[in-house]
$ cat run_37.txt   # compact mmCIF, N, CA and C atoms
# COMPACT_ATOMS: atom_id res chain seq x y z
N MET A 1 -9.25 9.69 7.97
CA MET A 1 -8.61 8.62 8.69
C MET A 1 -7.13 8.58 8.31
N SER A 2 -6.28 8.49 9.29
CA SER A 2 -4.85 8.41 9.06
C SER A 2 -4.43 6.97 8.80
N LEU A 3 -3.45 6.82 7.94
CA LEU A 3 -2.91 5.50 7.65
C LEU A 3 -1.43 5.52 8.01
N LEU A 4 -1.04 4.65 8.91
CA LEU A 4 0.36 4.54 9.30
C LEU A 4 0.82 3.11 9.09
N THR A 5 2.04 2.93 8.69
CA THR A 5 2.61 1.61 8.49
C THR A 5 3.81 1.47 9.42
N PHE A 6 3.92 0.32 10.03
CA PHE A 6 4.95 0.10 11.04
C PHE A 6 5.55 -1.29 10.82
N PHE A 7 6.85 -1.36 10.66
CA PHE A 7 7.56 -2.64 10.56
C PHE A 7 8.53 -2.74 11.73
N THR A 8 8.37 -3.75 12.55
CA THR A 8 9.23 -3.87 13.73
C THR A 8 10.67 -4.19 13.36
N THR A 9 10.89 -4.79 12.20
CA THR A 9 12.26 -5.15 11.84
C THR A 9 13.13 -3.92 11.62
N ILE A 10 12.60 -2.87 11.02
CA ILE A 10 13.41 -1.65 10.83
C ILE A 10 13.61 -0.96 12.18
N GLU A 11 12.61 -1.06 13.05
CA GLU A 11 12.76 -0.53 14.41
C GLU A 11 13.91 -1.24 15.13
N ASP A 12 13.94 -2.56 15.02
CA ASP A 12 15.00 -3.34 15.66
C ASP A 12 16.36 -2.99 15.08
N ALA A 13 16.42 -2.76 13.78
CA ALA A 13 17.68 -2.39 13.14
C ALA A 13 18.21 -1.09 13.75
N TYR A 14 17.33 -0.10 13.89
CA TYR A 14 17.75 1.17 14.48
C TYR A 14 18.09 1.01 15.97
N TYR A 15 17.41 0.12 16.65
CA TYR A 15 17.73 -0.13 18.05
C TYR A 15 19.20 -0.57 18.18
N TYR A 16 19.59 -1.55 17.39
CA TYR A 16 20.97 -2.04 17.46
C TYR A 16 21.96 -0.98 16.99
N TYR A 17 21.58 -0.19 16.01
CA TYR A 17 22.44 0.90 15.53
C TYR A 17 22.68 1.91 16.65
N PHE A 18 21.62 2.32 17.33
CA PHE A 18 21.78 3.29 18.42
C PHE A 18 22.51 2.70 19.61
N GLN A 19 22.34 1.40 19.86
CA GLN A 19 23.11 0.74 20.91
C GLN A 19 24.60 0.80 20.56
N ALA A 20 24.93 0.55 19.31
CA ALA A 20 26.33 0.58 18.88
C ALA A 20 26.92 1.98 19.03
N LYS A 21 26.11 3.00 18.78
CA LYS A 21 26.61 4.38 18.91
C LYS A 21 27.02 4.69 20.34
N GLY A 22 26.37 4.06 21.30
CA GLY A 22 26.64 4.39 22.70
C GLY A 22 27.66 3.50 23.38
N ILE A 23 28.22 2.54 22.68
CA ILE A 23 29.15 1.60 23.30
C ILE A 23 30.54 2.23 23.42
N SER A 24 31.17 1.99 24.55
CA SER A 24 32.49 2.55 24.81
C SER A 24 33.55 1.94 23.88
N ASP A 25 34.64 2.66 23.74
CA ASP A 25 35.70 2.23 22.82
C ASP A 25 36.77 1.42 23.58
N THR A 26 36.33 0.36 24.22
CA THR A 26 37.25 -0.56 24.88
C THR A 26 37.38 -1.79 23.99
N LYS A 27 38.29 -2.68 24.35
CA LYS A 27 38.47 -3.89 23.54
C LYS A 27 37.17 -4.68 23.45
N ASN A 28 36.54 -4.93 24.59
CA ASN A 28 35.27 -5.66 24.61
C ASN A 28 34.16 -4.84 23.95
N GLY A 29 34.18 -3.54 24.15
CA GLY A 29 33.19 -2.65 23.56
C GLY A 29 33.23 -2.67 22.04
N ARG A 30 34.44 -2.71 21.47
CA ARG A 30 34.58 -2.74 20.01
C ARG A 30 33.98 -4.03 19.43
N VAL A 31 34.16 -5.14 20.13
CA VAL A 31 33.60 -6.41 19.67
C VAL A 31 32.07 -6.34 19.70
N ILE A 32 31.53 -5.83 20.78
CA ILE A 32 30.07 -5.72 20.91
C ILE A 32 29.53 -4.72 19.89
N LYS A 33 30.25 -3.62 19.68
CA LYS A 33 29.82 -2.62 18.71
C LYS A 33 29.71 -3.24 17.32
N GLN A 34 30.72 -4.02 16.92
CA GLN A 34 30.68 -4.66 15.60
C GLN A 34 29.51 -5.64 15.50
N ARG A 35 29.26 -6.37 16.56
CA ARG A 35 28.13 -7.31 16.57
C ARG A 35 26.81 -6.55 16.40
N HIS A 36 26.66 -5.44 17.09
CA HIS A 36 25.44 -4.64 16.97
C HIS A 36 25.30 -4.03 15.57
N LEU A 37 26.41 -3.55 15.01
CA LEU A 37 26.35 -2.96 13.67
C LEU A 37 25.98 -4.02 12.63
N ARG A 38 26.53 -5.21 12.76
CA ARG A 38 26.19 -6.29 11.83
C ARG A 38 24.71 -6.67 11.97
N THR A 39 24.24 -6.74 13.19
CA THR A 39 22.83 -7.06 13.42
C THR A 39 21.94 -5.99 12.80
N ALA A 40 22.32 -4.72 12.95
CA ALA A 40 21.53 -3.63 12.38
C ALA A 40 21.44 -3.76 10.86
N ILE A 41 22.55 -4.07 10.22
CA ILE A 41 22.55 -4.24 8.76
C ILE A 41 21.62 -5.38 8.35
N LEU A 42 21.76 -6.52 9.00
CA LEU A 42 20.93 -7.67 8.65
C LEU A 42 19.45 -7.37 8.84
N LEU A 43 19.11 -6.74 9.96
CA LEU A 43 17.71 -6.43 10.22
C LEU A 43 17.17 -5.37 9.26
N GLY A 44 18.01 -4.43 8.85
CA GLY A 44 17.59 -3.43 7.87
C GLY A 44 17.17 -4.09 6.56
N TRP A 45 17.96 -5.05 6.10
CA TRP A 45 17.63 -5.73 4.84
C TRP A 45 16.48 -6.71 5.02
N VAL A 46 16.34 -7.32 6.18
CA VAL A 46 15.16 -8.17 6.43
C VAL A 46 13.91 -7.30 6.37
N ALA A 47 14.00 -6.08 6.89
CA ALA A 47 12.86 -5.16 6.86
C ALA A 47 12.46 -4.84 5.42
N VAL A 48 13.44 -4.63 4.55
CA VAL A 48 13.14 -4.37 3.13
C VAL A 48 12.45 -5.58 2.52
N ASP A 49 12.97 -6.77 2.80
CA ASP A 49 12.35 -7.99 2.29
C ASP A 49 10.92 -8.15 2.81
N ASP A 50 10.72 -7.86 4.09
CA ASP A 50 9.37 -7.92 4.68
C ASP A 50 8.43 -6.94 3.98
N ALA A 51 8.90 -5.73 3.76
CA ALA A 51 8.07 -4.70 3.12
C ALA A 51 7.70 -5.11 1.70
N MET A 52 8.67 -5.66 0.97
CA MET A 52 8.37 -6.11 -0.40
C MET A 52 7.33 -7.22 -0.39
N ALA A 53 7.51 -8.20 0.49
CA ALA A 53 6.57 -9.32 0.56
C ALA A 53 5.17 -8.84 0.93
N CYS A 54 5.08 -7.93 1.89
CA CYS A 54 3.77 -7.40 2.29
C CYS A 54 3.14 -6.60 1.15
N TRP A 55 3.95 -5.79 0.47
CA TRP A 55 3.42 -4.97 -0.62
C TRP A 55 2.87 -5.85 -1.73
N ILE A 56 3.63 -6.87 -2.11
CA ILE A 56 3.19 -7.79 -3.17
C ILE A 56 1.91 -8.51 -2.76
N GLN A 57 1.84 -8.93 -1.51
CA GLN A 57 0.65 -9.62 -1.03
C GLN A 57 -0.56 -8.69 -1.05
N GLU A 58 -0.38 -7.46 -0.59
CA GLU A 58 -1.49 -6.49 -0.58
C GLU A 58 -1.94 -6.14 -1.99
N ALA A 59 -0.98 -6.11 -2.94
CA ALA A 59 -1.30 -5.79 -4.33
C ALA A 59 -1.88 -7.00 -5.07
N LYS A 60 -1.86 -8.15 -4.42
CA LYS A 60 -2.36 -9.40 -5.01
C LYS A 60 -1.63 -9.73 -6.32
N ILE A 61 -0.32 -9.61 -6.25
CA ILE A 61 0.53 -9.91 -7.39
C ILE A 61 1.36 -11.14 -7.05
N VAL A 62 1.58 -11.97 -8.04
CA VAL A 62 2.44 -13.14 -7.86
C VAL A 62 3.81 -12.78 -8.43
N TRP A 63 4.86 -13.15 -7.70
CA TRP A 63 6.21 -12.87 -8.20
C TRP A 63 6.40 -13.54 -9.56
N PRO A 64 6.83 -12.81 -10.57
CA PRO A 64 7.15 -13.46 -11.84
C PRO A 64 8.40 -14.33 -11.70
N ARG A 65 8.66 -15.13 -12.69
CA ARG A 65 9.76 -16.09 -12.63
C ARG A 65 11.11 -15.43 -12.33
N ASP A 66 11.40 -14.28 -12.95
CA ASP A 66 12.71 -13.65 -12.73
C ASP A 66 12.85 -13.01 -11.35
N CYS A 67 11.76 -12.99 -10.57
CA CYS A 67 11.81 -12.41 -9.23
C CYS A 67 11.81 -13.47 -8.13
N LYS A 68 11.79 -14.72 -8.51
CA LYS A 68 11.81 -15.78 -7.50
C LYS A 68 13.25 -16.07 -7.13
N GLY A 69 13.45 -16.45 -5.90
CA GLY A 69 14.80 -16.72 -5.43
C GLY A 69 15.30 -15.62 -4.52
N PRO A 70 16.57 -15.69 -4.14
CA PRO A 70 17.09 -14.77 -3.12
C PRO A 70 17.47 -13.38 -3.63
N ARG A 71 17.60 -13.19 -4.93
CA ARG A 71 18.04 -11.88 -5.43
C ARG A 71 16.99 -10.81 -5.17
N SER A 72 17.39 -9.71 -4.58
CA SER A 72 16.43 -8.67 -4.18
C SER A 72 16.19 -7.61 -5.24
N PHE A 73 17.20 -7.29 -6.04
CA PHE A 73 17.02 -6.17 -6.96
C PHE A 73 15.90 -6.40 -7.98
N PRO A 74 15.76 -7.59 -8.57
CA PRO A 74 14.62 -7.78 -9.48
C PRO A 74 13.27 -7.55 -8.79
N LYS A 75 13.18 -7.91 -7.52
CA LYS A 75 11.94 -7.71 -6.77
C LYS A 75 11.69 -6.22 -6.55
N ILE A 76 12.74 -5.51 -6.16
CA ILE A 76 12.63 -4.06 -5.97
C ILE A 76 12.22 -3.39 -7.28
N ARG A 77 12.86 -3.81 -8.36
CA ARG A 77 12.55 -3.24 -9.68
C ARG A 77 11.08 -3.48 -10.04
N LEU A 78 10.56 -4.69 -9.74
CA LEU A 78 9.16 -5.00 -10.02
C LEU A 78 8.23 -4.11 -9.19
N VAL A 79 8.49 -3.99 -7.91
CA VAL A 79 7.63 -3.19 -7.04
C VAL A 79 7.64 -1.73 -7.49
N PHE A 80 8.82 -1.19 -7.75
CA PHE A 80 8.89 0.20 -8.20
C PHE A 80 8.16 0.37 -9.53
N GLY A 81 8.30 -0.61 -10.43
CA GLY A 81 7.58 -0.56 -11.71
C GLY A 81 6.08 -0.55 -11.51
N GLN A 82 5.59 -1.37 -10.58
CA GLN A 82 4.16 -1.41 -10.28
C GLN A 82 3.68 -0.08 -9.71
N LEU A 83 4.56 0.61 -9.03
CA LEU A 83 4.22 1.92 -8.46
C LEU A 83 4.36 3.04 -9.50
N GLY A 84 4.85 2.69 -10.69
CA GLY A 84 5.04 3.69 -11.74
C GLY A 84 6.28 4.55 -11.53
N LEU A 85 7.25 4.00 -10.82
CA LEU A 85 8.48 4.73 -10.51
C LEU A 85 9.68 4.06 -11.17
N PRO A 86 10.70 4.85 -11.49
CA PRO A 86 11.91 4.22 -12.01
C PRO A 86 12.58 3.41 -10.90
N PRO A 87 13.27 2.35 -11.26
CA PRO A 87 13.94 1.55 -10.22
C PRO A 87 15.06 2.34 -9.57
N PRO A 88 15.42 1.97 -8.36
CA PRO A 88 16.55 2.65 -7.72
C PRO A 88 17.84 2.39 -8.49
N ASP A 89 18.81 3.24 -8.27
CA ASP A 89 20.10 3.10 -8.93
C ASP A 89 20.74 1.77 -8.52
N LYS A 90 21.08 0.96 -9.50
CA LYS A 90 21.63 -0.38 -9.23
C LYS A 90 22.96 -0.29 -8.49
N SER A 91 23.80 0.67 -8.85
CA SER A 91 25.11 0.76 -8.19
C SER A 91 24.96 1.16 -6.72
N GLU A 92 24.01 2.04 -6.41
CA GLU A 92 23.78 2.41 -5.01
C GLU A 92 23.21 1.22 -4.24
N PHE A 93 22.28 0.50 -4.88
CA PHE A 93 21.71 -0.69 -4.26
C PHE A 93 22.83 -1.69 -3.96
N ASP A 94 23.68 -1.95 -4.95
CA ASP A 94 24.77 -2.92 -4.77
C ASP A 94 25.74 -2.49 -3.69
N LEU A 95 26.01 -1.19 -3.60
CA LEU A 95 26.92 -0.67 -2.58
C LEU A 95 26.42 -1.02 -1.18
N HIS A 96 25.14 -0.78 -0.91
CA HIS A 96 24.58 -1.05 0.40
C HIS A 96 24.32 -2.55 0.62
N ARG A 97 23.92 -3.24 -0.41
CA ARG A 97 23.63 -4.67 -0.29
C ARG A 97 24.92 -5.47 -0.09
N GLU A 98 26.03 -4.95 -0.63
CA GLU A 98 27.32 -5.64 -0.49
C GLU A 98 27.71 -5.78 0.99
N ILE A 99 27.39 -4.79 1.79
CA ILE A 99 27.71 -4.86 3.22
C ILE A 99 26.98 -6.04 3.84
N ARG A 100 25.71 -6.18 3.51
CA ARG A 100 24.91 -7.31 4.02
C ARG A 100 25.47 -8.63 3.51
N ASN A 101 25.84 -8.67 2.23
CA ASN A 101 26.36 -9.91 1.65
C ASN A 101 27.69 -10.33 2.26
N GLU A 102 28.51 -9.37 2.64
CA GLU A 102 29.78 -9.70 3.29
C GLU A 102 29.55 -10.34 4.66
N ILE A 103 28.46 -9.97 5.31
CA ILE A 103 28.14 -10.54 6.62
C ILE A 103 27.57 -11.94 6.45
N THR A 104 26.66 -12.11 5.51
CA THR A 104 25.98 -13.40 5.36
C THR A 104 26.80 -14.43 4.59
N HIS A 105 27.73 -13.96 3.78
CA HIS A 105 28.57 -14.86 2.97
C HIS A 105 30.04 -14.47 3.14
N PRO A 106 30.62 -14.72 4.31
CA PRO A 106 32.02 -14.31 4.54
C PRO A 106 32.97 -15.01 3.57
N SER A 107 34.00 -14.28 3.18
CA SER A 107 34.95 -14.81 2.20
C SER A 107 36.04 -15.66 2.83
N GLY A 108 36.08 -15.72 4.13
CA GLY A 108 37.12 -16.48 4.80
C GLY A 108 38.25 -15.61 5.30
N SER A 109 38.39 -14.43 4.75
CA SER A 109 39.39 -13.50 5.26
C SER A 109 38.83 -12.83 6.50
N SER A 110 39.62 -12.00 7.13
CA SER A 110 39.16 -11.35 8.35
C SER A 110 37.97 -10.43 8.03
N GLU A 111 37.08 -10.33 8.99
CA GLU A 111 35.89 -9.51 8.80
C GLU A 111 36.27 -8.04 8.78
N ARG A 112 35.63 -7.32 7.90
CA ARG A 112 35.85 -5.88 7.78
C ARG A 112 35.12 -5.19 8.92
N ALA A 113 35.76 -4.23 9.53
CA ALA A 113 35.13 -3.46 10.61
C ALA A 113 34.15 -2.47 10.00
N LEU A 114 32.92 -2.52 10.46
CA LEU A 114 31.90 -1.59 9.98
C LEU A 114 32.01 -0.28 10.74
N THR A 115 31.63 0.80 10.08
CA THR A 115 31.63 2.10 10.74
C THR A 115 30.19 2.54 10.98
N LEU A 116 30.02 3.42 11.96
CA LEU A 116 28.69 3.95 12.24
C LEU A 116 28.12 4.68 11.03
N THR A 117 28.99 5.38 10.30
CA THR A 117 28.53 6.14 9.14
C THR A 117 27.98 5.24 8.06
N GLU A 118 28.73 4.18 7.70
CA GLU A 118 28.25 3.32 6.63
C GLU A 118 27.01 2.54 7.04
N VAL A 119 26.90 2.15 8.29
CA VAL A 119 25.70 1.45 8.74
C VAL A 119 24.52 2.42 8.78
N GLY A 120 24.75 3.64 9.25
CA GLY A 120 23.68 4.64 9.23
C GLY A 120 23.20 4.93 7.83
N ASP A 121 24.14 5.03 6.87
CA ASP A 121 23.77 5.25 5.46
C ASP A 121 22.98 4.07 4.91
N ALA A 122 23.41 2.86 5.24
CA ALA A 122 22.71 1.66 4.75
C ALA A 122 21.30 1.59 5.32
N LEU A 123 21.14 1.90 6.60
CA LEU A 123 19.80 1.89 7.20
C LEU A 123 18.91 2.97 6.59
N ALA A 124 19.49 4.13 6.34
CA ALA A 124 18.71 5.20 5.69
C ALA A 124 18.28 4.76 4.29
N TYR A 125 19.15 4.06 3.59
CA TYR A 125 18.80 3.56 2.26
C TYR A 125 17.67 2.53 2.35
N CYS A 126 17.78 1.60 3.28
CA CYS A 126 16.71 0.61 3.48
C CYS A 126 15.39 1.30 3.80
N LYS A 127 15.45 2.29 4.67
CA LYS A 127 14.24 3.01 5.05
C LYS A 127 13.66 3.76 3.84
N ARG A 128 14.53 4.31 3.00
CA ARG A 128 14.07 5.01 1.80
C ARG A 128 13.34 4.04 0.85
N LEU A 129 13.89 2.84 0.68
CA LEU A 129 13.21 1.85 -0.15
C LEU A 129 11.84 1.51 0.42
N MET A 130 11.79 1.34 1.74
CA MET A 130 10.53 0.99 2.39
C MET A 130 9.52 2.13 2.28
N LYS A 131 9.97 3.37 2.43
CA LYS A 131 9.06 4.51 2.37
C LYS A 131 8.50 4.70 0.96
N THR A 132 9.23 4.21 -0.04
CA THR A 132 8.69 4.27 -1.40
C THR A 132 7.49 3.33 -1.52
N MET A 133 7.60 2.15 -0.91
CA MET A 133 6.49 1.20 -0.94
C MET A 133 5.37 1.61 0.01
N TYR A 134 5.75 2.15 1.14
CA TYR A 134 4.80 2.53 2.19
C TYR A 134 5.08 3.98 2.60
N PRO A 135 4.47 4.94 1.88
CA PRO A 135 4.75 6.35 2.17
C PRO A 135 4.41 6.77 3.60
N HIS A 136 3.51 6.04 4.25
CA HIS A 136 3.10 6.39 5.62
C HIS A 136 3.89 5.59 6.65
N LEU A 137 5.07 5.13 6.27
CA LEU A 137 5.90 4.36 7.18
C LEU A 137 6.31 5.23 8.36
N VAL A 138 6.16 4.68 9.55
CA VAL A 138 6.56 5.38 10.76
C VAL A 138 7.73 4.62 11.35
N VAL A 139 8.82 5.33 11.56
CA VAL A 139 10.00 4.75 12.19
C VAL A 139 10.33 5.63 13.38
N ARG A 140 10.34 5.02 14.56
CA ARG A 140 10.53 5.80 15.78
C ARG A 140 11.85 6.53 15.84
N GLU A 141 12.86 6.08 15.10
CA GLU A 141 14.13 6.80 15.14
C GLU A 141 13.95 8.23 14.68
N GLN A 142 12.93 8.49 13.85
CA GLN A 142 12.66 9.85 13.43
C GLN A 142 12.20 10.69 14.61
N TRP A 143 11.41 10.10 15.49
CA TRP A 143 10.95 10.82 16.67
C TRP A 143 12.12 11.15 17.58
N VAL A 144 13.03 10.21 17.73
CA VAL A 144 14.20 10.43 18.59
C VAL A 144 15.03 11.60 18.04
N GLN A 145 15.25 11.58 16.73
CA GLN A 145 16.03 12.67 16.12
C GLN A 145 15.33 14.02 16.26
N ALA A 146 14.00 14.02 16.19
CA ALA A 146 13.26 15.27 16.31
C ALA A 146 13.35 15.86 17.71
N LEU A 147 13.59 15.03 18.71
CA LEU A 147 13.68 15.51 20.08
C LEU A 147 15.04 16.15 20.38
N LYS A 148 16.01 15.93 19.53
CA LYS A 148 17.36 16.48 19.79
C LYS A 148 17.46 17.92 19.39

$ encode --input "run_37.txt" --output "structure tokens"
Amino acid sequence: MSLLTFFTTIEDAYYYYFQAKGISDTKNGRVIKQRHLRTAILLGWVAVDDAMACWIQEAKIVWPRDCKGPRSFPKIRLVFGQLGLPPPDKSEFDLHREIRNEITHPSGSSERALTLTEVGDALAYCKRLMKTMYPHLVVREQWVQALK
């Protein structure tokens, strides 16, 4: 019997990412492209949070005190520890999470323009975290890439 795992939030993140890739480079297009890239980042991290919550629930584990609250890295570290794996590199995690944090907690200065490369890298990182928890994760963007 095959086991496949599917999270619609990571699918939605890639949907907005691919929409941004196809938007024209006009004044209005640049605004829409940035909106799509920001949405892709937010959905990518929501997908990681969803995967962690599902994994913890399936493992019948209660979050310890240091894992409660909005901070994600302690939760990731706990899940990886339960899987018998070393935690992901904190600096790489912070690099990708910082993009999300700049969107959700703006500093008041002008918004930084996101690039397709950095958003693609962030989504790949989110997907990598999810695949560690769910090795049979299926993401349709892989099918699209295979057809090219």

$ residues_near_point --input "run_37.txt" --point "(2.8, -4.2, 2.4)" --cutoff "12 Å" --atoms "only C-alpha atoms" --output "JSON, numbers by chain"
{"A": [4, 5, 6, 7, 47, 48, 49, 50, 51, 52, 53, 54, 55, 56, 57, 58, 59, 60, 61, 79, 130, 131, 132, 133, 134, 135, 136, 137]}

$ residues_near_point --input "run_37.txt" --point "(21.4, -2.2, 11.9)" --cutoff "7 Å" --atoms "all atoms listed in the file" --output "PyMOL selection string"
chain A and resi 12-17+36-44+119+123

$ write_last_selection --input "run_37.txt" --atoms "N, CA and C atoms" --output "PDB file, in the coordinates of the input"
ATOM      1  N   ASP A  12      13.940  -2.560  15.020  1.00  0.00           N
ATOM      2  CA  ASP A  12      15.000  -3.340  15.660  1.00  0.00           C
ATOM      3  C   ASP A  12      16.360  -2.990  15.080  1.00  0.00           C
ATOM      4  N   ALA A  13      16.420  -2.760  13.780  1.00  0.00           N
ATOM      5  CA  ALA A  13      17.680  -2.390  13.140  1.00  0.00           C
ATOM      6  C   ALA A  13      18.210  -1.090  13.750  1.00  0.00           C
ATOM      7  N   TYR A  14      17.330  -0.100  13.890  1.00  0.00           N
ATOM      8  CA  TYR A  14      17.750   1.170  14.480  1.00  0.00           C
ATOM      9  C   TYR A  14      18.090   1.010  15.970  1.00  0.00           C
ATOM     10  N   TYR A  15      17.410   0.120  16.650  1.00  0.00           N
ATOM     11  CA  TYR A  15      17.730  -0.130  18.050  1.00  0.00           C
ATOM     12  C   TYR A  15      19.200  -0.570  18.180  1.00  0.00           C
ATOM     13  N   TYR A  16      19.590  -1.550  17.390  1.00  0.00           N
ATOM     14  CA  TYR A  16      20.970  -2.040  17.460  1.00  0.00           C
ATOM     15  C   TYR A  16      21.960  -0.980  16.990  1.00  0.00           C
ATOM     16  N   TYR A  17      21.580  -0.190  16.010  1.00  0.00           N
ATOM     17  CA  TYR A  17      22.440   0.900  15.530  1.00  0.00           C
ATOM     18  C   TYR A  17      22.680   1.910  16.650  1.00  0.00           C
ATOM     19  N   HIS A  36      26.660  -5.440  17.090  1.00  0.00           N
ATOM     20  CA  HIS A  36      25.440  -4.640  16.970  1.00  0.00           C
ATOM     21  C   HIS A  36      25.300  -4.030  15.570  1.00  0.00           C
ATOM     22  N   LEU A  37      26.410  -3.550  15.010  1.00  0.00           N
ATOM     23  CA  LEU A  37      26.350  -2.960  13.670  1.00  0.00           C
ATOM     24  C   LEU A  37      25.980  -4.020  12.630  1.00  0.00           C
ATOM     25  N   ARG A  38      26.530  -5.210  12.760  1.00  0.00           N
ATOM     26  CA  ARG A  38      26.190  -6.290  11.830  1.00  0.00           C
ATOM     27  C   ARG A  38      24.710  -6.670  11.970  1.00  0.00           C
ATOM     28  N   THR A  39      24.240  -6.740  13.190  1.00  0.00           N
ATOM     29  CA  THR A  39      22.830  -7.060  13.420  1.00  0.00           C
ATOM     30  C   THR A  39      21.940  -5.990  12.800  1.00  0.00           C
ATOM     31  N   ALA A  40      22.320  -4.720  12.950  1.00  0.00           N
ATOM     32  CA  ALA A  40      21.530  -3.630  12.380  1.00  0.00           C
ATOM     33  C   ALA A  40      21.440  -3.760  10.860  1.00  0.00           C
ATOM     34  N   ILE A  41      22.550  -4.070  10.220  1.00  0.00           N
ATOM     35  CA  ILE A  41      22.550  -4.240   8.760  1.00  0.00           C
ATOM     36  C   ILE A  41      21.620  -5.380   8.350  1.00  0.00           C
ATOM     37  N   LEU A  42      21.760  -6.520   9.000  1.00  0.00           N
ATOM     38  CA  LEU A  42      20.930  -7.670   8.650  1.00  0.00           C
ATOM     39  C   LEU A  42      19.450  -7.370   8.840  1.00  0.00           C
ATOM     40  N   LEU A  43      19.110  -6.740   9.960  1.00  0.00           N
ATOM     41  CA  LEU A  43      17.710  -6.430  10.220  1.00  0.00           C
ATOM     42  C   LEU A  43      17.170  -5.370   9.260  1.00  0.00           C
ATOM     43  N   GLY A  44      18.010  -4.430   8.850  1.00  0.00           N
ATOM     44  CA  GLY A  44      17.590  -3.430   7.870  1.00  0.00           C
ATOM     45  C   GLY A  44      17.170  -4.090   6.560  1.00  0.00           C
ATOM     46  N   VAL A 119      26.900   2.150   8.290  1.00  0.00           N
ATOM     47  CA  VAL A 119      25.700   1.450   8.740  1.00  0.00           C
ATOM     48  C   VAL A 119      24.520   2.420   8.780  1.00  0.00           C
ATOM     49  N   LEU A 123      21.140   1.900   6.600  1.00  0.00           N
ATOM     50  CA  LEU A 123      19.800   1.890   7.200  1.00  0.00           C
ATOM     51  C   LEU A 123      18.910   2.970   6.590  1.00  0.00           C
TER      52      LEU A 123
END

$ atom_distance --input "run_37.txt" --atom1 "CA of Gln34 in chain A" --atom2 "CA of Ala113 in chain A"
6.8 Å

$ atom_distance --input "run_37.txt" --atom1 "CA of Arg30 in chain A" --atom2 "CA of Leu114 in chain A"
10.4 Å

$ atom_distance --input "run_37.txt" --atom1 "atom C of Glu111 in chain A" --atom2 "CA of Gly22 in chain A"
21.0 Å

$ build_atoms --input "run_37.txt" --residues "range 10-14 of chain A" --atoms "all heavy atoms" --output "CSV table (one decimal), in the frame of the given file"
chain,number,residue,atom,x,y,z
A,10,ILE,N,12.6,-2.9,11.0
A,10,ILE,CA,13.4,-1.6,10.8
A,10,ILE,C,13.6,-1.0,12.2
A,10,ILE,O,14.7,-0.4,12.4
A,10,ILE,CB,12.8,-0.7,9.8
A,10,ILE,CG1,13.8,0.4,9.3
A,10,ILE,CG2,11.5,-0.1,10.2
A,10,ILE,CD1,15.0,-0.1,8.5
A,11,GLU,N,12.6,-1.1,13.0
A,11,GLU,CA,12.8,-0.5,14.4
A,11,GLU,C,13.9,-1.2,15.1
A,11,GLU,O,14.7,-0.6,15.8
A,11,GLU,CB,11.5,-0.7,15.2
A,11,GLU,CG,10.3,0.1,14.7
A,11,GLU,CD,10.4,1.5,15.1
A,11,GLU,OE1,11.1,1.9,16.1
A,11,GLU,OE2,9.8,2.3,14.4
A,12,ASP,N,13.9,-2.6,15.0
A,12,ASP,CA,15.0,-3.3,15.7
A,12,ASP,C,16.4,-3.0,15.1
A,12,ASP,O,17.4,-2.9,15.8
A,12,ASP,CB,14.7,-4.8,15.5
A,12,ASP,CG,13.5,-5.3,16.3
A,12,ASP,OD1,13.1,-4.6,17.2
A,12,ASP,OD2,13.0,-6.4,16.0
A,13,ALA,N,16.4,-2.8,13.8
A,13,ALA,CA,17.7,-2.4,13.1
A,13,ALA,C,18.2,-1.1,13.8
A,13,ALA,O,19.4,-1.0,14.1
A,13,ALA,CB,17.5,-2.2,11.6
A,14,TYR,N,17.3,-0.1,13.9
A,14,TYR,CA,17.8,1.2,14.5
A,14,TYR,C,18.1,1.0,16.0
A,14,TYR,O,19.0,1.7,16.5
A,14,TYR,CB,16.7,2.3,14.3
A,14,TYR,CG,16.9,3.0,12.9
A,14,TYR,CD1,16.1,2.7,11.8
A,14,TYR,CD2,17.9,3.9,12.8
A,14,TYR,CE1,16.3,3.3,10.6
A,14,TYR,CE2,18.1,4.5,11.6
A,14,TYR,CZ,17.3,4.2,10.5
A,14,TYR,OH,17.5,4.8,9.3
